[in-house]
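query-v5.tsv (TSV, C-alpha atoms) appears below.
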```tsv
chain	number	residue	atom	x	y	z
A	721	MET	CA	0.00	0.00	0.00
A	722	ALA	CA	1.26	3.45	-0.81
A	723	GLU	CA	2.35	5.50	2.17
A	724	GLU	CA	-0.35	7.76	3.54
A	725	TYR	CA	1.39	11.04	4.20
A	726	TRP	CA	-1.67	12.73	5.67
A	727	ARG	CA	-1.98	10.19	8.50
A	728	TRP	CA	-1.09	11.68	11.87
A	729	THR	CA	-0.47	9.49	14.86
A	730	GLU	CA	-3.17	8.81	17.39
A	731	SER	CA	-2.13	9.41	20.97
A	732	ARG	CA	-3.17	9.08	24.59
A	733	TRP	CA	-1.98	10.26	27.99
A	734	THR	CA	-2.69	9.63	31.68
A	735	ASN	CA	-1.92	12.04	34.50
A	736	PRO	CA	0.35	10.05	36.86
A	737	ASP	CA	-0.40	12.37	39.80
A	738	ILE	CA	-4.10	11.53	40.05
A	739	ASP	CA	-5.78	8.50	41.59
A	740	TRP	CA	-9.21	8.59	40.00
A	741	LYS	CA	-10.66	6.17	42.54
A	742	LYS	CA	-10.35	8.88	45.17
A	743	GLY	CA	-12.11	11.41	42.95
A	744	ASP	CA	-15.46	12.92	43.88
A	745	ILE	CA	-16.68	14.33	40.57
A	746	ILE	CA	-15.61	12.39	37.47
A	747	THR	CA	-16.75	13.78	34.13
A	748	GLY	CA	-16.07	12.98	30.50
A	749	GLY	CA	-15.82	15.18	27.43
A	750	VAL	CA	-16.00	13.83	23.90
A	751	ASP	CA	-15.34	15.95	20.84
A	752	VAL	CA	-16.33	14.12	17.68
A	753	GLY	CA	-14.96	16.28	14.90
A	754	SER	CA	-15.11	15.80	11.17
A	755	VAL	CA	-11.51	14.59	10.97
A	756	SER	CA	-10.46	13.71	14.54
A	757	SER	CA	-12.20	12.66	17.76
A	758	GLN	CA	-10.94	13.29	21.24
A	759	ALA	CA	-12.10	12.09	24.63
A	760	VAL	CA	-10.92	13.32	28.02
A	761	VAL	CA	-11.73	12.48	31.61
A	762	PHE	CA	-11.61	15.07	34.38
A	763	VAL	CA	-11.35	14.17	38.04
A	764	ASP	CA	-12.38	17.00	40.37
A	765	GLY	CA	-11.64	19.66	37.78
A	766	GLU	CA	-8.22	18.27	36.82
A	767	LEU	CA	-7.28	16.58	33.56
A	768	TYR	CA	-6.84	12.86	34.24
A	769	CYS	CA	-6.48	11.27	30.80
A	770	TYR	CA	-7.16	11.81	27.12
A	771	GLY	CA	-7.27	9.95	23.84
A	772	ASN	CA	-6.92	11.48	20.39
A	773	THR	CA	-8.07	9.41	17.40
A	774	ARG	CA	-9.23	9.76	13.83
A	775	THR	CA	-12.96	9.98	13.22
A	776	GLY	CA	-14.37	7.08	11.26
A	777	SER	CA	-17.49	6.94	9.13
A	778	ASN	CA	-19.70	6.35	12.17
A	779	SER	CA	-19.88	8.98	14.93
A	780	PRO	CA	-21.02	6.69	17.79
A	781	ASP	CA	-18.14	4.28	17.02
A	782	SER	CA	-15.67	7.17	16.90
A	783	ALA	CA	-16.88	8.42	20.29
A	784	HIS	CA	-16.44	4.93	21.78
A	785	LYS	CA	-13.03	4.54	20.17
A	786	ALA	CA	-11.77	7.87	21.53
A	787	MET	CA	-13.05	7.21	25.06
A	788	GLY	CA	-11.73	3.65	24.92
A	789	LEU	CA	-8.29	4.94	24.05
A	790	ALA	CA	-8.43	7.58	26.79
A	791	MET	CA	-9.36	4.97	29.40
A	792	GLU	CA	-6.83	2.37	28.22
A	793	ASP	CA	-4.97	0.83	31.19
A	794	THR	CA	-6.65	3.18	33.68
A	795	GLY	CA	-9.11	0.58	34.98
A	796	MET	CA	-11.94	3.02	34.30
A	797	SER	CA	-15.11	2.21	32.44
A	798	LEU	CA	-17.92	4.32	31.00
A	799	THR	CA	-20.06	3.69	34.09
A	800	ASP	CA	-17.52	5.60	36.21
A	801	LEU	CA	-18.41	8.82	34.40
A	802	GLN	CA	-21.02	10.80	36.30
A	803	TYR	CA	-21.66	13.25	33.49
A	804	THR	CA	-20.46	13.19	29.90
A	805	VAL	CA	-20.73	16.09	27.49
A	806	GLY	CA	-20.52	15.59	23.74
A	807	THR	CA	-19.32	18.35	21.46
A	808	GLY	CA	-18.17	18.93	17.89
A	809	TYR	CA	-19.70	18.06	14.58
A	810	GLY	CA	-20.95	14.66	15.80
A	811	ARG	CA	-21.97	15.81	19.30
A	812	VAL	CA	-25.51	14.49	19.12
A	813	ASN	CA	-24.17	11.04	18.23
A	814	VAL	CA	-22.26	10.34	21.43
A	815	PRO	CA	-24.15	7.30	22.77
A	816	PHE	CA	-22.92	7.70	26.35
A	817	GLY	CA	-23.33	11.49	26.38
A	818	THR	CA	-25.52	13.10	29.03
A	819	ARG	CA	-25.78	16.31	27.07
A	820	ALA	CA	-24.47	17.99	23.90
A	821	ILE	CA	-22.88	21.46	23.95
A	822	THR	CA	-21.64	23.38	20.91
A	823	GLU	CA	-17.95	23.38	20.12
A	824	ILE	CA	-17.86	27.19	20.35
A	825	ALA	CA	-18.61	27.13	24.07
A	826	CYS	CA	-16.36	24.11	24.66
A	827	HIS	CA	-13.33	25.47	22.83
A	828	ALA	CA	-13.40	28.73	24.76
A	829	ARG	CA	-13.74	26.87	28.06
A	830	GLY	CA	-11.04	24.38	27.07
A	831	ALA	CA	-8.58	27.06	25.93
A	832	ASN	CA	-9.19	28.90	29.19
A	833	PHE	CA	-8.12	25.77	31.09
A	834	MET	CA	-5.19	24.90	28.82
A	835	TYR	CA	-3.70	28.37	28.38
A	836	GLY	CA	-4.92	30.11	31.50
A	837	PRO	CA	-7.42	32.90	32.25
A	838	THR	CA	-5.43	35.56	30.37
A	839	VAL	CA	-6.58	34.15	27.02
A	840	LYS	CA	-8.94	36.56	25.28
A	841	THR	CA	-8.87	35.36	21.70
A	842	VAL	CA	-9.02	31.73	20.64
A	843	LEU	CA	-8.57	30.61	17.07
A	844	ASP	CA	-9.59	27.01	16.53
A	845	MET	CA	-8.33	25.52	13.29
A	846	GLY	CA	-10.22	22.29	13.12
A	847	GLY	CA	-10.51	19.50	10.59
A	848	GLN	CA	-13.11	21.18	8.42
A	849	ASP	CA	-13.99	24.47	10.01
A	850	CYS	CA	-12.43	27.50	11.59
A	851	LYS	CA	-13.65	29.34	14.67
A	852	ALA	CA	-12.61	32.71	16.02
A	853	ILE	CA	-13.72	33.23	19.62
A	854	HIS	CA	-13.38	35.96	22.23
A	855	CYS	CA	-13.78	34.90	25.83
A	856	ASP	CA	-13.69	36.41	29.31
A	857	PRO	CA	-11.32	35.34	32.12
A	858	ARG	CA	-13.72	32.54	33.09
A	859	GLY	CA	-13.76	31.10	29.59
A	860	LYS	CA	-17.24	32.34	28.75
A	861	VAL	CA	-17.72	33.28	25.10
A	862	THR	CA	-18.19	37.01	24.48
A	863	ASN	CA	-17.99	37.05	20.68
A	864	PHE	CA	-17.58	34.34	18.10
A	865	LEU	CA	-17.74	33.48	14.49
A	866	MET	CA	-17.43	30.13	12.81
A	867	ASN	CA	-16.76	29.38	9.18
A	868	ASP	CA	-17.80	25.88	8.31
A	869	LYS	CA	-18.92	26.60	4.80
A	870	CYS	CA	-15.57	25.83	3.22
A	871	ALA	CA	-12.48	23.84	4.21
A	872	ALA	CA	-9.95	26.58	3.41
A	873	GLY	CA	-7.69	27.17	6.37
A	874	THR	CA	-8.39	23.82	7.99
A	875	GLY	CA	-6.67	20.57	8.84
A	876	ARG	CA	-8.23	18.66	6.00
A	877	GLY	CA	-6.74	21.15	3.53
A	878	MET	CA	-3.31	20.49	4.98
A	879	GLU	CA	-3.84	16.72	4.76
A	880	VAL	CA	-4.64	17.07	1.07
A	881	PHE	CA	-1.37	18.97	0.58
A	882	ALA	CA	0.63	16.41	2.56
A	883	ASP	CA	-0.58	13.74	0.17
A	884	LEU	CA	-0.03	15.81	-2.95
A	885	LEU	CA	3.53	16.73	-2.00
A	886	GLN	CA	4.35	13.39	-0.33
A	887	VAL	CA	5.52	14.99	2.87
A	888	PRO	CA	4.42	13.53	6.24
A	889	ILE	CA	1.88	15.94	7.77
A	890	THR	CA	3.94	16.47	10.91
A	891	GLN	CA	6.90	17.75	8.88
A	892	ILE	CA	5.01	20.19	6.67
A	893	GLY	CA	5.36	23.20	8.95
A	894	GLU	CA	9.12	22.85	9.36
A	895	LEU	CA	9.64	22.27	5.66
A	896	SER	CA	7.61	25.34	4.73
A	897	LEU	CA	10.08	27.49	6.66
A	898	GLN	CA	13.02	26.22	4.62
A	899	VAL	CA	12.62	28.78	1.86
A	900	GLU	CA	15.08	31.61	1.35
A	901	LYS	CA	12.45	34.01	0.15
A	902	GLU	CA	8.74	33.79	1.00
A	903	PRO	CA	6.92	32.92	-2.24
A	904	PRO	CA	3.63	34.65	-3.09
A	905	PRO	CA	0.70	32.76	-1.50
A	906	VAL	CA	-1.36	30.49	-3.74
A	907	SER	CA	-4.17	32.66	-5.08
A	908	SER	CA	-7.08	30.39	-4.21
A	909	THR	CA	-7.89	29.35	-0.68
A	910	CYS	CA	-10.38	26.73	-1.83
A	911	VAL	CA	-8.70	23.40	-1.11
A	912	VAL	CA	-9.66	21.91	-4.47
A	913	PHE	CA	-8.47	24.90	-6.50
A	914	ALA	CA	-5.39	25.40	-4.35
A	915	LYS	CA	-4.42	21.79	-4.99
A	916	SER	CA	-4.73	22.24	-8.73
A	917	GLU	CA	-2.73	25.48	-8.49
A	918	ALA	CA	-0.04	23.66	-6.52
A	919	SER	CA	0.12	20.94	-9.17
A	920	SER	CA	0.84	23.60	-11.80
A	921	LEU	CA	3.57	25.12	-9.62
A	922	LEU	CA	5.20	21.69	-9.20
A	923	ARG	CA	5.06	21.23	-12.95
A	924	GLU	CA	6.79	24.58	-13.39
A	925	GLY	CA	9.62	23.21	-11.30
A	926	TRP	CA	8.93	24.79	-7.88
A	927	PRO	CA	10.53	22.75	-5.09
A	928	LYS	CA	8.18	21.18	-2.53
A	929	GLU	CA	9.12	23.55	0.27
A	930	LYS	CA	8.28	26.57	-1.86
A	931	VAL	CA	4.85	25.15	-2.76
A	932	ILE	CA	4.13	24.34	0.89
A	933	ALA	CA	5.25	27.80	1.93
A	934	ALA	CA	2.87	29.32	-0.61
A	935	TYR	CA	0.00	27.25	0.75
A	936	CYS	CA	0.78	27.84	4.45
A	937	SER	CA	0.93	31.53	3.77
A	938	ALA	CA	-2.42	31.52	1.93
A	939	MET	CA	-3.97	29.57	4.82
A	940	ALA	CA	-2.56	31.99	7.38
A	941	HIS	CA	-3.86	34.98	5.47
A	942	ARG	CA	-7.27	33.40	5.13
A	943	VAL	CA	-7.75	32.88	8.85
A	944	VAL	CA	-6.32	36.29	9.69
A	945	THR	CA	-9.05	37.93	7.58
A	946	LEU	CA	-11.57	35.84	9.53
A	947	LEU	CA	-10.05	36.96	12.84
A	948	GLU	CA	-10.14	40.58	11.78
A	949	ARG	CA	-13.91	40.48	11.79
A	950	ILE	CA	-14.03	40.05	15.54
A	951	GLY	CA	-10.63	41.61	16.26
A	952	VAL	CA	-7.67	40.09	18.09
A	953	GLU	CA	-6.97	40.87	21.72
A	954	GLU	CA	-4.03	39.36	23.55
A	955	ASP	CA	-3.48	36.84	24.96
A	956	PHE	CA	-4.01	34.88	21.81
A	957	ALA	CA	-4.14	31.09	21.56
A	958	ILE	CA	-4.54	28.68	18.66
A	959	THR	CA	-6.20	25.29	19.15
A	960	GLY	CA	-6.85	22.36	16.83
A	961	GLY	CA	-4.50	20.28	14.73
A	962	ILE	CA	-3.09	23.19	12.71
A	963	ALA	CA	-1.76	24.73	15.94
A	964	LYS	CA	0.95	22.06	15.65
A	965	ASN	CA	2.05	23.37	12.25
A	966	VAL	CA	4.81	25.94	12.81
A	967	GLY	CA	4.60	27.03	9.19
A	968	VAL	CA	1.02	28.26	9.55
A	969	VAL	CA	1.26	29.45	13.17
A	970	GLY	CA	4.44	31.44	12.44
A	971	ARG	CA	2.86	33.13	9.46
A	972	ILE	CA	-0.32	34.00	11.39
A	973	GLU	CA	1.81	35.53	14.16
A	974	LYS	CA	3.81	37.50	11.63
A	975	GLU	CA	0.73	38.85	9.89
A	976	LEU	CA	-0.99	39.79	13.16
A	977	GLY	CA	2.20	41.12	14.73
A	978	ILE	CA	1.54	39.17	17.94
A	979	THR	CA	2.76	35.89	19.38
A	980	ALA	CA	0.43	33.02	20.21
A	981	LEU	CA	0.73	31.34	23.60
A	982	LYS	CA	2.79	28.15	23.50
A	983	PRO	CA	0.69	25.05	24.20
A	984	LYS	CA	1.61	22.76	27.08
A	985	ILE	CA	-0.69	19.91	26.09
A	986	ASP	CA	-2.10	18.51	22.85
A	987	THR	CA	-3.89	21.41	21.10
A	988	GLN	CA	-6.41	19.03	19.53
A	989	ILE	CA	-8.11	18.21	22.83
A	990	ALA	CA	-9.33	21.75	23.66
A	991	GLY	CA	-12.95	21.04	22.71
A	992	ALA	CA	-13.12	17.81	24.74
A	993	VAL	CA	-11.47	19.52	27.73
A	994	GLY	CA	-14.10	22.26	27.65
A	995	ALA	CA	-16.86	19.65	27.37
A	996	ALA	CA	-15.64	17.75	30.46
A	997	LEU	CA	-15.34	21.02	32.40
A	998	PHE	CA	-18.93	21.91	31.53
A	999	GLY	CA	-19.84	18.45	32.80
A	1000	ASP	CA	-18.08	19.26	36.06
A	1001	ALA	CA	-19.91	22.61	36.36
A	1002	LEU	CA	-23.26	20.99	35.56
A	1003	VAL	CA	-22.79	18.26	38.20
A	1004	LYS	CA	-22.01	20.95	40.78
A	1005	LYS	CA	-25.04	22.94	39.69
A	1006	GLU	CA	-27.31	19.90	40.06
A	1007	ARG	CA	-25.89	19.16	43.51
A	1008	LYS	CA	-26.55	22.72	44.63
A	1009	LYS	CA	-30.16	22.40	43.56
A	1010	GLY	CA	-30.24	19.19	45.62
B	352	MET	CA	-22.09	37.56	23.71
B	353	ILE	CA	-22.02	38.62	20.08
B	354	ALA	CA	-22.97	35.56	18.07
B	355	ASN	CA	-21.92	35.87	14.43
B	356	TYR	CA	-23.81	33.41	12.27
B	357	GLY	CA	-22.84	32.99	8.66
B	358	TYR	CA	-19.72	32.65	6.60
B	359	LYS	CA	-17.09	34.30	4.50
B	360	ASP	CA	-16.57	33.23	0.93
B	361	GLY	CA	-14.79	34.54	-2.15
B	362	SER	CA	-17.44	37.22	-2.66
B	363	GLY	CA	-17.55	38.70	0.83
B	364	ASP	CA	-18.63	38.42	4.45
B	365	TYR	CA	-22.16	37.24	5.20
B	366	PHE	CA	-22.82	37.35	8.90
B	367	ILE	CA	-25.86	38.11	11.01
B	368	ALA	CA	-24.78	39.13	14.52
B	369	ILE	CA	-27.08	38.66	17.51
B	370	ASP	CA	-26.14	40.35	20.76
B	371	THR	CA	-27.29	37.73	23.24
B	372	ASP	CA	-26.81	40.08	26.20
B	373	ARG	CA	-29.63	42.18	24.74
B	374	CYS	CA	-31.77	39.40	23.25
B	375	ASP	CA	-34.31	37.98	25.67
B	376	GLY	CA	-35.77	35.50	23.20
B	377	CYS	CA	-39.02	37.42	22.66
B	378	GLY	CA	-39.22	36.05	19.12
B	379	ALA	CA	-40.40	39.25	17.40
B	380	CYS	CA	-37.85	38.69	14.63
B	381	VAL	CA	-39.07	35.19	13.77
B	382	PRO	CA	-42.33	35.97	11.90
B	383	MET	CA	-40.93	39.16	10.34
B	384	CYS	CA	-38.23	37.39	8.33
B	385	PRO	CA	-39.50	36.41	4.87
B	386	SER	CA	-36.88	33.65	4.68
B	387	SER	CA	-37.46	32.26	8.18
B	388	VAL	CA	-33.82	32.76	9.08
B	389	PHE	CA	-34.40	33.08	12.83
B	390	MET	CA	-35.65	30.73	15.49
B	391	VAL	CA	-35.90	30.98	19.27
B	392	MET	CA	-34.23	28.36	21.42
B	393	ASP	CA	-35.06	27.66	25.05
B	394	GLU	CA	-31.42	27.90	25.97
B	395	ASP	CA	-28.40	29.36	24.25
B	396	PRO	CA	-26.51	26.54	22.52
B	397	ASN	CA	-23.28	28.50	22.89
B	398	ASP	CA	-23.74	29.35	26.55
B	399	PRO	CA	-24.81	26.23	28.43
B	400	MET	CA	-25.03	28.02	31.77
B	401	ARG	CA	-27.63	30.54	30.55
B	402	GLU	CA	-31.25	29.69	31.27
B	403	GLU	CA	-33.08	32.34	29.26
B	404	PRO	CA	-34.39	31.73	25.73
B	405	VAL	CA	-32.49	33.36	22.88
B	406	ALA	CA	-32.88	33.94	19.14
B	407	VAL	CA	-30.44	32.17	16.84
B	408	VAL	CA	-29.99	31.83	13.09
B	409	ALA	CA	-31.40	28.40	12.25
B	410	ASP	CA	-28.86	25.69	11.43
B	411	ASP	CA	-30.15	25.08	7.93
B	412	GLN	CA	-29.88	28.81	7.11
B	413	ARG	CA	-26.33	29.51	8.22
B	414	LYS	CA	-24.65	28.48	5.01
B	415	LYS	CA	-26.99	30.35	2.65
B	416	ILE	CA	-27.47	33.72	4.28
B	417	LYS	CA	-26.18	35.50	1.21
B	418	TYR	CA	-29.19	34.21	-0.71
B	419	ALA	CA	-31.77	34.10	2.07
B	420	CYS	CA	-31.17	37.74	2.98
B	421	ALA	CA	-30.79	39.04	-0.57
B	422	GLN	CA	-34.44	40.04	-0.93
B	423	CYS	CA	-34.19	42.45	2.02
B	424	LYS	CA	-30.92	43.91	0.89
B	425	PRO	CA	-31.54	45.94	-2.30
B	426	GLY	CA	-28.81	48.35	-3.40
B	427	GLY	CA	-29.07	52.09	-2.88
B	428	ASP	CA	-31.57	53.60	-0.41
B	429	ARG	CA	-33.12	50.82	1.52
B	430	PRO	CA	-35.80	50.68	4.17
B	431	PRO	CA	-34.85	49.34	7.60
B	432	LEU	CA	-34.51	45.57	7.40
B	433	PRO	CA	-37.61	43.79	8.79
B	434	CYS	CA	-35.62	41.81	11.38
B	435	VAL	CA	-33.67	44.85	12.59
B	436	ALA	CA	-36.86	46.94	12.78
B	437	ALA	CA	-38.73	44.19	14.61
B	438	CYS	CA	-36.20	43.74	17.38
B	439	PRO	CA	-37.28	45.87	20.37
B	440	VAL	CA	-33.82	45.76	21.94
B	441	ASP	CA	-31.65	46.38	18.85
B	442	ALA	CA	-29.88	43.05	19.17
B	443	ILE	CA	-29.57	42.27	15.45
B	444	THR	CA	-26.92	43.63	13.08
B	445	HIS	CA	-25.62	42.53	9.70
B	446	SER	CA	-22.12	42.45	8.26
B	447	TRP	CA	-22.95	43.69	4.78
```

How would this structure read if it were set down as structure tokens?
Amino acid sequence: MAEEYWRWTESRWTNPDIDWKKGDIITGGVDVGSVSSQAVVFVDGELYCYGNTRTGSNSPDSAHKAMGLAMEDTGMSLTDLQYTVGTGYGRVNVPFGTRAITEIACHARGANFMYGPTVKTVLDMGGQDCKAIHCDPRGKVTNFLMNDKCAAGTGRGMEVFADLLQVPITQIGELSLQVEKEPPPVSSTCVVFAKSEASSLLREGWPKEKVIAAYCSAMAHRVVTLLERIGVEEDFAITGGIAKNVGVVGRIEKELGITALKPKIDTQIAGAVGAALFGDALVKKERKKG
Amino acid sequence: MIANYGYKDGSGDYFIAIDTDRCDGCGACVPMCPSSVFMVMDEDPNDPMREEPVAVVADDQRKKIKYACAQCKPGGDRPPLPCVAACPVDAITHSW
């Protein structure tokens, strides 16, 4: 089988400092996106474990797969979750979900946890959509816009380019920086047209890194114009898979003239983290009501 | 919260913004829109801790606002848009 350059590695993590059996409130968050699915478990407001997988053709299966990976070797099972919130594109198809909450609310809440309360602007570059969000110090959304009409500026676009140029997706960002002079961005941001434009450039003899640089720069410009609609206030954080691509992140920072906060944990889990935190808040709210 | 519903494509920005701090979900905008762009939800999908109803742009309308709103957006001098005029708390604005 030919190598699949777009394939990124699935991953999981457990917090060694937490004994979940001693936890009081245990909540789950599942973000079933169009390209990737993540599941996290929070124990008393702290991140205990997560799993990050690719979404399959069936949302319920993807939700189970992500949570299964998160809980691997932890001794936990679905029945240990007191409240589970589903989010993302497939949020209503999480079979073990107590409630579904939109990814806008979850990403802001998740970024607030992952980057701290100073975050005011969150840019989520997901698999097939882009969200620009303003939030307050508690992670509550104050302004947002989402573009899910086209895949320009998203992870799927980058996967298509990884395949076209036969460069593993994790190396694209680095490679795009290996150009002496920044080439002009590809003129179309539409993934399909940009791919055909890139094919012409390759035919003209452009090296791979120059073509990738042209695409990363077009993608960066595209999301910056989206951000401009709501404005950018520091601190600024980028979530989603593209946040791992230094070629796009660097170009966004350059165009905006500000630096994005450096992530400490996997940027793809922000939505699921927010979902689990809402679960935690909702359990507390129910308890208060008695 | 300012909720921007819509999209940006090659021809421009097409967003309807609803200020949810002003909107109390009265629903006056719903019958006034000839394209049925708005609907009222019992709780704000983007703010799970809020318990008041709120107007949103319906899911099936978000990707075709450019066309749905075209009839109320003639060029030149135009009357106040029906949705904007209907809202008693001035919560609705448009990007174009």

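Our summary of the geometry notes that CA of Gly817 in chain A is positioned 26.7 Å from CA of His854 in chain A.
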
Top pick for closest residue to chain A, considering B:Val405, B:Pro433, B:Ser446, B:Asp393 and counting only C-alpha atoms
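For chain A, the nearest of the candidates is B:Ser446.
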
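The interface of chain B with chain A at 6 Å, considering only C-alpha atoms, consists of Met352, Ile353, Ala354, Asn355, Tyr358 and Asn397 of chain B.
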
Any idea what's packed within 6 Å of range 758-768 of chain A, counting all atoms listed in the file, ignoring anything in its chain fewer than 4 positions away? Could you give it as a list in words?
Thr734, Asn735, Gly743, Ile745, Ile746, Thr747, Gly748, Gly749, Val750, Asp751, Asn772, Ala786, Met787, Ile989 and Ala992 of chain A

Find the residues around Cys374 in chain B up to 9 Å (only C-alpha atoms counted), leave out those fewer than 2 positions away in its own chain, and share them as a list in words.
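The neighbour list is Ile369, Asp370, Thr371, Asp372, Gly376, Cys377, Pro404, Val405, Ala406, Cys438, Pro439, Val440, Asp441, Ala442 and Ile443 of chain B.
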
Point-to-point distance from CA of Ala918 in chain A to CA of Gln891 in chain A, Å rounded to tenths
17.9 Å

For range 857-880 of chain A in the structure I just supplied, write out N, CA and C atoms - as a PDB file, in the first residue's frame.
```pdb
ATOM      1  N   PRO A 857     -12.285  36.085  31.306  1.00  0.00           N
ATOM      2  CA  PRO A 857     -11.321  35.340  32.124  1.00  0.00           C
ATOM      3  C   PRO A 857     -11.856  34.020  32.694  1.00  0.00           C
ATOM      4  N   ARG A 858     -13.173  33.816  32.618  1.00  0.00           N
ATOM      5  CA  ARG A 858     -13.716  32.544  33.090  1.00  0.00           C
ATOM      6  C   ARG A 858     -13.960  31.562  31.941  1.00  0.00           C
ATOM      7  N   GLY A 859     -13.597  31.985  30.729  1.00  0.00           N
ATOM      8  CA  GLY A 859     -13.758  31.097  29.589  1.00  0.00           C
ATOM      9  C   GLY A 859     -15.141  31.155  28.968  1.00  0.00           C
ATOM     10  N   LYS A 860     -15.911  32.187  29.332  1.00  0.00           N
ATOM     11  CA  LYS A 860     -17.245  32.336  28.748  1.00  0.00           C
ATOM     12  C   LYS A 860     -17.109  33.117  27.435  1.00  0.00           C
ATOM     13  N   VAL A 861     -17.825  32.656  26.423  1.00  0.00           N
ATOM     14  CA  VAL A 861     -17.721  33.279  25.097  1.00  0.00           C
ATOM     15  C   VAL A 861     -18.335  34.676  25.122  1.00  0.00           C
ATOM     16  N   THR A 862     -17.613  35.666  24.562  1.00  0.00           N
ATOM     17  CA  THR A 862     -18.191  37.010  24.477  1.00  0.00           C
ATOM     18  C   THR A 862     -18.462  37.409  23.036  1.00  0.00           C
ATOM     19  N   ASN A 863     -17.807  36.737  22.094  1.00  0.00           N
ATOM     20  CA  ASN A 863     -17.986  37.053  20.683  1.00  0.00           C
ATOM     21  C   ASN A 863     -17.448  35.858  19.904  1.00  0.00           C
ATOM     22  N   PHE A 864     -18.144  35.445  18.883  1.00  0.00           N
ATOM     23  CA  PHE A 864     -17.582  34.337  18.102  1.00  0.00           C
ATOM     24  C   PHE A 864     -18.034  34.389  16.665  1.00  0.00           C
ATOM     25  N   LEU A 865     -17.245  33.780  15.819  1.00  0.00           N
ATOM     26  CA  LEU A 865     -17.745  33.476  14.489  1.00  0.00           C
ATOM     27  C   LEU A 865     -17.139  32.162  14.053  1.00  0.00           C
ATOM     28  N   MET A 866     -17.893  31.435  13.263  1.00  0.00           N
ATOM     29  CA  MET A 866     -17.430  30.133  12.807  1.00  0.00           C
ATOM     30  C   MET A 866     -17.593  30.087  11.306  1.00  0.00           C
ATOM     31  N   ASN A 867     -16.602  29.563  10.620  1.00  0.00           N
ATOM     32  CA  ASN A 867     -16.757  29.379   9.185  1.00  0.00           C
ATOM     33  C   ASN A 867     -16.685  27.894   8.881  1.00  0.00           C
ATOM     34  N   ASP A 868     -17.826  27.299   8.636  1.00  0.00           N
ATOM     35  CA  ASP A 868     -17.801  25.876   8.308  1.00  0.00           C
ATOM     36  C   ASP A 868     -18.348  25.658   6.904  1.00  0.00           C
ATOM     37  N   LYS A 869     -18.391  26.753   6.147  1.00  0.00           N
ATOM     38  CA  LYS A 869     -18.917  26.599   4.795  1.00  0.00           C
ATOM     39  C   LYS A 869     -17.854  26.049   3.850  1.00  0.00           C
ATOM     40  N   CYS A 870     -16.597  26.389   4.086  1.00  0.00           N
ATOM     41  CA  CYS A 870     -15.568  25.829   3.220  1.00  0.00           C
ATOM     42  C   CYS A 870     -14.365  25.386   4.050  1.00  0.00           C
ATOM     43  N   ALA A 871     -13.558  24.489   3.468  1.00  0.00           N
ATOM     44  CA  ALA A 871     -12.475  23.841   4.214  1.00  0.00           C
ATOM     45  C   ALA A 871     -11.154  24.598   4.097  1.00  0.00           C
ATOM     46  N   ALA A 872     -11.183  25.803   3.512  1.00  0.00           N
ATOM     47  CA  ALA A 872      -9.945  26.577   3.406  1.00  0.00           C
ATOM     48  C   ALA A 872      -9.474  26.968   4.803  1.00  0.00           C
ATOM     49  N   GLY A 873      -8.210  26.796   5.067  1.00  0.00           N
ATOM     50  CA  GLY A 873      -7.690  27.169   6.373  1.00  0.00           C
ATOM     51  C   GLY A 873      -7.951  26.121   7.428  1.00  0.00           C
ATOM     52  N   THR A 874      -8.090  24.865   7.019  1.00  0.00           N
ATOM     53  CA  THR A 874      -8.394  23.818   7.989  1.00  0.00           C
ATOM     54  C   THR A 874      -7.437  22.636   7.853  1.00  0.00           C
ATOM     55  N   GLY A 875      -7.528  21.741   8.810  1.00  0.00           N
ATOM     56  CA  GLY A 875      -6.675  20.569   8.843  1.00  0.00           C
ATOM     57  C   GLY A 875      -6.809  19.687   7.609  1.00  0.00           C
ATOM     58  N   ARG A 876      -8.023  19.538   7.151  1.00  0.00           N
ATOM     59  CA  ARG A 876      -8.232  18.664   5.997  1.00  0.00           C
ATOM     60  C   ARG A 876      -7.487  19.209   4.774  1.00  0.00           C
ATOM     61  N   GLY A 877      -7.477  20.530   4.631  1.00  0.00           N
ATOM     62  CA  GLY A 877      -6.745  21.155   3.534  1.00  0.00           C
ATOM     63  C   GLY A 877      -5.271  20.781   3.595  1.00  0.00           C
ATOM     64  N   MET A 878      -4.728  20.800   4.809  1.00  0.00           N
ATOM     65  CA  MET A 878      -3.310  20.490   4.978  1.00  0.00           C
ATOM     66  C   MET A 878      -3.052  19.014   4.686  1.00  0.00           C
ATOM     67  N   GLU A 879      -4.003  18.152   5.055  1.00  0.00           N
ATOM     68  CA  GLU A 879      -3.841  16.721   4.761  1.00  0.00           C
ATOM     69  C   GLU A 879      -3.773  16.478   3.250  1.00  0.00           C
ATOM     70  N   VAL A 880      -4.622  17.204   2.524  1.00  0.00           N
ATOM     71  CA  VAL A 880      -4.638  17.067   1.068  1.00  0.00           C
ATOM     72  C   VAL A 880      -3.269  17.458   0.500  1.00  0.00           C
TER      73      VAL A 880
END
```
